[in-house]
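This is final34.cif. It holds mmCIF, C-alpha atoms.
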```cif
data_protein
loop_
_atom_site.label_atom_id
_atom_site.label_comp_id
_atom_site.auth_asym_id
_atom_site.auth_seq_id
_atom_site.Cartn_x
_atom_site.Cartn_y
_atom_site.Cartn_z
CA MET A 449 -71.62 10.85 20.88
CA HIS A 450 -72.99 14.10 19.41
CA ALA A 451 -72.42 16.34 22.41
CA ASN A 452 -73.04 19.56 20.48
CA GLY A 453 -75.85 18.06 18.43
CA HIS A 454 -74.02 18.55 15.13
CA ARG A 455 -74.13 15.73 12.63
CA ASP A 456 -72.83 15.19 9.13
CA ASP A 457 -73.54 11.71 7.79
CA THR A 458 -71.73 12.23 4.48
CA ALA A 459 -68.56 13.26 6.30
CA SER A 460 -68.86 10.25 8.66
CA LYS A 461 -69.13 7.91 5.72
CA ILE A 462 -66.25 9.54 3.83
CA GLY A 463 -64.17 9.05 6.99
CA MET A 464 -65.16 5.38 7.10
CA TRP A 465 -64.31 4.92 3.41
CA LEU A 466 -60.91 6.57 3.88
CA PHE A 467 -60.19 4.06 6.63
CA ILE A 468 -61.36 1.22 4.35
CA PHE A 469 -58.91 2.45 1.67
CA THR A 470 -55.99 2.13 4.12
CA GLU A 471 -57.12 -1.43 4.85
CA MET A 472 -57.38 -2.23 1.12
CA LEU A 473 -53.84 -0.94 0.56
CA LEU A 474 -52.53 -2.92 3.56
CA PHE A 475 -53.91 -6.21 2.25
CA ALA A 476 -53.00 -5.38 -1.37
CA GLY A 477 -49.39 -5.03 -0.21
CA LEU A 478 -49.57 -8.45 1.44
CA PHE A 479 -51.10 -9.97 -1.71
CA ILE A 480 -48.16 -8.60 -3.72
CA VAL A 481 -45.68 -10.11 -1.24
CA TYR A 482 -47.50 -13.45 -1.53
CA SER A 483 -47.60 -13.33 -5.36
CA VAL A 484 -43.92 -12.45 -5.70
CA TYR A 485 -42.83 -15.26 -3.36
CA ARG A 486 -45.16 -17.63 -5.17
CA TYR A 487 -43.57 -16.61 -8.49
CA ARG A 488 -40.10 -17.28 -7.04
CA ASN A 489 -41.00 -20.59 -5.32
CA PRO A 490 -43.61 -22.17 -7.62
CA VAL A 491 -43.03 -25.82 -6.69
CA ALA A 492 -42.91 -25.35 -2.91
CA PHE A 493 -46.00 -23.09 -2.96
CA HIS A 494 -47.86 -25.60 -5.14
CA LEU A 495 -47.17 -28.49 -2.76
CA ALA A 496 -47.79 -26.41 0.37
CA ALA A 497 -51.12 -25.06 -0.93
CA GLU A 498 -52.33 -28.64 -1.41
CA GLU A 499 -52.02 -29.07 2.39
CA LEU A 500 -54.79 -26.50 2.95
CA SER A 501 -58.33 -27.72 3.42
CA THR A 502 -60.58 -26.55 0.56
CA PHE A 503 -63.51 -27.75 2.68
CA PHE A 504 -62.83 -25.31 5.54
CA GLY A 505 -61.99 -22.54 3.09
CA THR A 506 -65.24 -22.98 1.15
CA LEU A 507 -67.33 -23.34 4.32
CA ASN A 508 -65.92 -20.10 5.73
CA THR A 509 -66.50 -18.33 2.40
CA VAL A 510 -70.17 -19.33 2.47
CA ILE A 511 -70.46 -18.23 6.13
CA LEU A 512 -68.94 -14.80 5.39
CA LEU A 513 -71.07 -14.24 2.27
CA ILE A 514 -74.28 -15.00 4.20
CA SER A 515 -73.19 -12.74 7.09
CA SER A 516 -72.48 -9.97 4.59
CA MET A 517 -76.05 -10.30 3.34
CA THR A 518 -77.58 -10.26 6.85
CA VAL A 519 -75.67 -7.11 7.86
CA ALA A 520 -76.73 -5.40 4.60
CA MET A 521 -80.34 -6.42 5.37
CA SER A 522 -80.10 -4.93 8.87
CA LEU A 523 -79.67 -1.50 7.22
CA THR A 524 -82.88 -2.01 5.24
CA ALA A 525 -84.63 -3.05 8.47
CA ILE A 526 -83.51 -0.01 10.50
CA ARG A 527 -84.50 2.35 7.67
CA LYS A 528 -87.96 0.82 7.72
CA GLY A 529 -88.01 1.53 11.49
CA ASP A 530 -88.11 -2.22 12.21
CA ASN A 531 -85.84 -2.43 15.28
CA LYS A 532 -86.76 -6.03 16.05
CA HIS A 533 -85.51 -7.35 12.71
CA THR A 534 -82.49 -5.04 12.78
CA MET A 535 -81.36 -6.62 16.05
CA LEU A 536 -82.19 -10.13 14.83
CA LEU A 537 -80.16 -9.67 11.62
CA LEU A 538 -77.22 -8.14 13.52
CA GLY A 539 -77.40 -11.05 15.98
CA ILE A 540 -77.28 -13.60 13.14
CA THR A 541 -74.29 -11.75 11.62
CA ILE A 542 -72.39 -11.92 14.94
CA LEU A 543 -73.19 -15.65 15.33
CA LEU A 544 -71.93 -16.34 11.79
CA ALA A 545 -68.76 -14.40 12.58
CA LEU A 546 -68.23 -16.58 15.66
CA ALA A 547 -68.82 -19.71 13.53
CA PHE A 548 -66.09 -18.48 11.16
CA LEU A 549 -63.67 -18.25 14.08
CA VAL A 550 -64.60 -21.74 15.35
CA ASN A 551 -63.77 -23.16 11.90
CA LYS A 552 -60.52 -21.18 11.85
CA TYR A 553 -59.65 -22.71 15.25
CA PHE A 554 -60.06 -26.26 13.93
CA GLU A 555 -58.30 -25.45 10.65
CA TRP A 556 -55.30 -23.87 12.38
CA GLY A 557 -55.34 -26.62 15.00
CA ALA A 558 -54.88 -29.27 12.30
CA LYS A 559 -51.99 -27.32 10.74
CA ILE A 560 -50.26 -26.87 14.10
CA GLU A 561 -50.75 -30.57 14.87
CA HIS A 562 -48.91 -31.44 11.63
CA GLY A 563 -46.10 -29.10 12.63
CA LEU A 564 -46.86 -26.71 9.76
CA VAL A 565 -46.29 -23.67 11.94
CA PRO A 566 -43.55 -21.02 11.62
CA GLY A 567 -40.47 -22.01 13.64
CA SER A 568 -41.23 -25.75 13.68
CA GLU A 569 -38.74 -28.54 12.88
CA THR A 570 -41.05 -29.90 10.16
CA LEU A 571 -40.94 -26.64 8.22
CA LYS A 572 -37.18 -26.36 8.70
CA GLU A 573 -36.83 -29.74 6.95
CA LEU A 574 -39.30 -28.82 4.18
CA GLY A 575 -37.24 -25.77 3.30
CA HIS A 576 -37.43 -22.12 2.41
CA GLY A 577 -40.51 -22.09 0.13
CA ASP A 578 -42.77 -23.95 2.57
CA THR A 579 -41.59 -21.74 5.42
CA LEU A 580 -42.57 -18.67 3.38
CA PHE A 581 -45.91 -20.15 2.40
CA PHE A 582 -46.98 -21.07 5.91
CA GLY A 583 -45.56 -17.85 7.36
CA LEU A 584 -47.73 -15.85 4.93
CA TYR A 585 -50.69 -18.19 5.47
CA PHE A 586 -50.68 -17.71 9.24
CA PHE A 587 -49.94 -13.98 9.03
CA MET A 588 -52.57 -13.12 6.40
CA THR A 589 -55.38 -15.37 7.63
CA GLY A 590 -54.43 -14.32 11.19
CA LEU A 591 -54.64 -10.61 10.35
CA HIS A 592 -57.98 -11.31 8.66
CA ALA A 593 -59.24 -13.25 11.70
CA PHE A 594 -58.17 -10.28 13.86
CA HIS A 595 -60.42 -8.10 11.67
CA ILE A 596 -63.26 -10.58 12.24
CA ILE A 597 -62.82 -10.15 16.02
CA ILE A 598 -62.84 -6.33 15.68
CA GLY A 599 -65.95 -6.66 13.46
CA ILE A 600 -67.72 -8.73 16.15
CA ILE A 601 -66.97 -5.99 18.71
CA ILE A 602 -68.17 -3.19 16.39
CA LEU A 603 -71.38 -5.03 15.45
CA SER A 604 -72.06 -5.80 19.13
CA VAL A 605 -71.81 -2.07 19.94
CA VAL A 606 -74.13 -1.34 16.98
CA LEU A 607 -76.61 -3.92 18.30
CA HIS A 608 -76.44 -2.34 21.77
CA PHE A 609 -77.08 1.16 20.32
CA VAL A 610 -80.09 -0.09 18.35
CA ARG A 611 -81.49 -1.58 21.55
CA LYS A 612 -80.88 1.70 23.44
CA GLY A 613 -82.53 3.74 20.69
CA ARG A 614 -79.33 5.62 19.76
CA ILE A 615 -79.47 4.18 16.24
CA THR A 616 -82.87 4.88 14.69
CA SER A 617 -84.58 5.04 11.30
CA ASP A 618 -83.36 8.63 10.84
CA ASN A 619 -79.95 8.32 12.49
CA PHE A 620 -78.36 5.09 11.26
CA VAL A 621 -74.93 6.19 9.99
CA PHE A 622 -73.14 4.22 12.75
CA LEU A 623 -74.86 1.01 11.64
CA GLU A 624 -74.03 1.87 8.02
CA ASN A 625 -70.33 2.36 8.82
CA GLY A 626 -70.21 -0.81 10.94
CA GLY A 627 -71.76 -2.65 7.99
CA LEU A 628 -69.16 -1.18 5.60
CA TYR A 629 -66.39 -2.53 7.86
CA TRP A 630 -67.97 -5.98 7.85
CA HIS A 631 -68.27 -5.99 4.04
CA LEU A 632 -64.59 -5.04 3.81
CA VAL A 633 -63.71 -8.11 5.89
CA ASP A 634 -65.78 -10.12 3.41
CA VAL A 635 -64.04 -8.59 0.36
CA ILE A 636 -60.59 -9.40 1.80
CA TRP A 637 -61.64 -13.02 2.30
CA ILE A 638 -63.01 -13.15 -1.28
CA PHE A 639 -59.37 -12.71 -2.42
CA LEU A 640 -57.64 -14.69 0.37
CA PHE A 641 -59.78 -17.75 -0.37
CA PRO A 642 -58.75 -18.41 -4.01
CA LEU A 643 -55.14 -17.31 -3.46
CA PHE A 644 -54.47 -19.72 -0.60
CA TYR A 645 -57.05 -22.51 -0.88
CA LEU A 646 -57.95 -22.82 -4.56
CA ILE A 647 -54.85 -22.01 -6.60
CA THR A 648 -52.42 -24.87 -6.03
CA MET B 774 -79.11 25.12 17.60
CA LYS B 775 -78.84 21.71 16.07
CA HIS B 776 -77.22 21.38 12.71
CA ILE B 777 -77.88 18.03 11.05
CA MET B 778 -76.70 16.88 7.65
CA ALA B 779 -78.64 13.66 7.40
CA ASN B 780 -78.11 10.94 4.83
CA LYS B 781 -78.98 12.18 1.37
CA ASN B 782 -79.42 8.69 0.05
CA ASN B 783 -83.15 7.95 0.10
CA HIS B 784 -82.97 4.62 -1.64
CA ILE B 785 -83.95 1.74 0.64
CA VAL B 786 -82.66 -1.48 -0.92
CA PRO B 787 -85.33 -4.21 -0.72
CA TYR B 788 -84.42 -7.48 1.08
CA ARG B 789 -84.86 -9.57 -2.05
CA THR B 790 -82.09 -7.65 -3.90
CA TYR B 791 -79.67 -8.86 -1.22
CA VAL B 792 -80.94 -12.43 -1.53
CA TYR B 793 -80.36 -12.37 -5.31
CA VAL B 794 -76.85 -10.97 -4.82
CA LEU B 795 -76.05 -13.68 -2.26
CA LEU B 796 -77.24 -16.38 -4.67
CA ILE B 797 -75.00 -14.99 -7.43
CA LEU B 798 -72.05 -14.81 -4.99
CA LEU B 799 -72.59 -18.43 -3.91
CA PHE B 800 -72.84 -19.51 -7.56
CA LEU B 801 -69.56 -17.72 -8.38
CA THR B 802 -67.91 -19.34 -5.34
CA ALA B 803 -69.05 -22.81 -6.43
CA THR B 804 -67.83 -22.10 -9.97
CA SER B 805 -64.37 -21.07 -8.76
CA VAL B 806 -64.07 -24.17 -6.53
CA ILE B 807 -65.03 -26.46 -9.43
CA VAL B 808 -62.92 -24.70 -12.07
CA THR B 809 -59.75 -24.62 -9.93
CA ASN B 810 -60.11 -28.38 -9.34
CA ILE B 811 -59.41 -28.86 -13.04
CA GLU B 812 -55.74 -28.41 -13.88
CA LEU B 813 -55.64 -25.59 -16.42
CA GLY B 814 -52.24 -24.14 -15.55
CA THR B 815 -52.05 -20.35 -15.72
CA LEU B 816 -55.68 -20.25 -16.76
CA THR B 817 -56.64 -21.55 -13.29
CA VAL B 818 -55.07 -18.53 -11.62
CA THR B 819 -56.69 -16.15 -14.12
CA THR B 820 -60.16 -17.70 -13.74
CA ALA B 821 -59.95 -17.67 -9.92
CA LEU B 822 -58.89 -14.01 -9.85
CA VAL B 823 -61.51 -12.92 -12.42
CA LEU B 824 -64.26 -14.65 -10.40
CA ALA B 825 -62.96 -13.08 -7.15
CA SER B 826 -62.98 -9.65 -8.83
CA LEU B 827 -66.58 -10.14 -10.02
CA LYS B 828 -67.58 -11.12 -6.48
CA SER B 829 -65.91 -8.10 -4.92
CA ILE B 830 -67.52 -5.75 -7.48
CA LEU B 831 -70.94 -7.12 -6.43
CA VAL B 832 -70.12 -6.60 -2.74
CA PHE B 833 -68.85 -3.05 -3.35
CA ALA B 834 -71.76 -2.04 -5.61
CA ILE B 835 -74.74 -3.61 -3.84
CA PHE B 836 -73.83 -4.61 -0.26
CA MET B 837 -71.73 -1.47 0.27
CA HIS B 838 -74.26 0.68 -1.65
CA LEU B 839 -71.81 2.33 -4.04
CA LYS B 840 -74.42 1.89 -6.79
CA PHE B 841 -77.09 3.78 -4.82
CA ASP B 842 -75.05 6.32 -2.81
CA GLN B 843 -73.76 9.74 -3.81
CA PRO B 844 -71.11 9.30 -6.56
CA VAL B 845 -68.28 10.66 -4.38
CA TYR B 846 -67.76 7.32 -2.55
CA GLY B 847 -67.67 5.32 -5.76
CA ILE B 848 -65.24 7.72 -7.45
CA MET B 849 -62.85 7.55 -4.47
CA THR B 850 -63.08 3.74 -4.32
CA GLY B 851 -62.48 3.46 -8.07
CA GLY B 852 -59.39 5.66 -7.71
CA VAL B 853 -57.95 3.47 -4.95
CA ILE B 854 -58.63 0.27 -6.94
CA ILE B 855 -56.86 1.77 -9.99
CA LEU B 856 -53.91 2.72 -7.76
CA ILE B 857 -53.71 -0.87 -6.45
CA ILE B 858 -53.84 -2.31 -10.00
CA ILE B 859 -51.05 0.07 -11.13
CA VAL B 860 -48.84 -0.94 -8.18
CA ILE B 861 -49.40 -4.65 -8.92
CA LEU B 862 -48.67 -4.15 -12.64
CA ILE B 863 -45.46 -2.21 -11.99
CA THR B 864 -44.25 -4.82 -9.48
CA PHE B 865 -44.77 -7.64 -11.96
CA LEU B 866 -43.34 -5.77 -14.92
CA ASP B 867 -40.24 -5.34 -12.77
CA TYR B 868 -40.13 -9.08 -11.96
CA PHE B 869 -40.78 -10.31 -15.49
CA PHE B 870 -38.33 -8.01 -17.29
CA ARG B 871 -35.53 -7.76 -14.75
#
```
Now, as a test, write the supplied structure out as structure tokens.
Amino acid sequence: MHANGHRDDTASKIGMWLFIFTEMLLFAGLFIVYSVYRYRNPVAFHLAAEELSTFFGTLNTVILLISSMTVAMSLTAIRKGDNKHTMLLLGITILLALAFLVNKYFEWGAKIEHGLVPGSETLKELGHGDTLFFGLYFFMTGLHAFHIIIGIIILSVVLHFVRKGRITSDNFVFLENGGLYWHLVDVIWIFLFPLFYLIT
Amino acid sequence: MKHIMANKNNHIVPYRTYVYVLLILLFLTATSVIVTNIELGTLTVTTALVLASLKSILVFAIFMHLKFDQPVYGIMTGGVIILIIIVILITFLDYFFR
């Protein structure tokens, strides 16, 4: 990774933050699209949002918040030179991420079963507003779930590097950047959750 | 010759800080679920978004270490957030006064 032995942690982290900014702008754009369509189709969006399960939404929020804490704790652990707890905390984070996806599978499964999926006959009958709502719902939660999958891959690589001794108490910037990515996924969900599940 | 610019941030955040932050985040989540169950009209949307903003500030400041790190990261993040707010405001001004 550092073939010439040069290292600049501040630059690495600025690079990671710049990437995070592009992600924030991407999702902010989608939130604007959602808000404008909601403003133009208030009744359809109100009725469609009531179809979403607040239970699954809340459960996944709790799961992501806890996983955000465990990945933050793993940084404290590695800086104390405690590799065992670093790996344990990263492992818990990955398991929680998988649990999030399992919930998403059941949640989406229920929607698809009811025909609330873009291109279905049910949505064609319900009309324009519902089609927009469920199109945005599947696209935005789907893009977020895709970020969860990427996060699982990144954190697994981090875990592997800790085990191999490539991430240590004085060279932990890769873990730090992996953690930043995971927190970003959490922040996006913090806004997706009220917009889709709570505001009806 | 090796040239290493290691992390300048020497602050190790204790575990219990993260536990406290999680408890506050869970409390804010519960509050937003309960409040949005009551029909308050526009106020529901406002409350939900204010609570979400508070939660994200906590995640940015503590979990993502902006509070403890060199100021450069926080300044850049603040700039991007202001940019996003301006874009949202301009979009809605356009929709409301068209």
Contact set, chain A to chain B: 8 Å, all atoms listed in the file, as number ranges by chain: A: 452-458, 462, 465, 469, 473, 476, 480, 484, 506, 509-510, 513-514, 516-517, 520-521, 524, 527, 618-619, 621, 627-628, 631, 635, 638-639, 642, 646-647
Answer key for the PyMOL selection byres ((chain A and resi 606) around 10), residues as a list in words: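 Applied to this file, the PyMOL selection byres ((chain A and resi 606) around 10) returns Met535, Leu538, Ile600, Ile601, Ile602, Leu603, Ser604, Val605, Leu607, His608, Phe609, Val610, Arg611, Lys612, Arg614, Ile615, Phe620, Phe622, Leu623, Glu624, Asn625, Gly626 and Gly627 of chain A.
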Same residues, C-alpha atoms, saved as a CSV table (one decimal), keeping the file's coordinate frame:
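What ended up in again28.csv:
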```
chain,number,residue,atom,x,y,z
A,535,MET,CA,-81.4,-6.6,16.0
A,538,LEU,CA,-77.2,-8.1,13.5
A,600,ILE,CA,-67.7,-8.7,16.2
A,601,ILE,CA,-67.0,-6.0,18.7
A,602,ILE,CA,-68.2,-3.2,16.4
A,603,LEU,CA,-71.4,-5.0,15.4
A,604,SER,CA,-72.1,-5.8,19.1
A,605,VAL,CA,-71.8,-2.1,19.9
A,607,LEU,CA,-76.6,-3.9,18.3
A,608,HIS,CA,-76.4,-2.3,21.8
A,609,PHE,CA,-77.1,1.2,20.3
A,610,VAL,CA,-80.1,-0.1,18.4
A,611,ARG,CA,-81.5,-1.6,21.6
A,612,LYS,CA,-80.9,1.7,23.4
A,614,ARG,CA,-79.3,5.6,19.8
A,615,ILE,CA,-79.5,4.2,16.2
A,620,PHE,CA,-78.4,5.1,11.3
A,622,PHE,CA,-73.1,4.2,12.8
A,623,LEU,CA,-74.9,1.0,11.6
A,624,GLU,CA,-74.0,1.9,8.0
A,625,ASN,CA,-70.3,2.4,8.8
A,626,GLY,CA,-70.2,-0.8,10.9
A,627,GLY,CA,-71.8,-2.6,8.0
```
Picked residues, the PyMOL selection byres ((chain A and resi 579-588) around 9), expected as a ChimeraX atom specification: /A:475,478-479,481-482,485-486,492-493,496-497,556,564-567,571-572,574-578,589-593,640,644
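Our summary of the geometry notes that CA of Ser501 in chain A is positioned 7.6 Å from CA of Glu555 in chain A.
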Coordinates-based distance that separates CA of Ser515 in chain A from CA of Leu543 in chain A (Å, one decimal):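 Here the two named atoms are 8.7 Å from each other.
CA of Tyr645 in chain A sits 11.3 Å away from CA of Asn508 in chain A.
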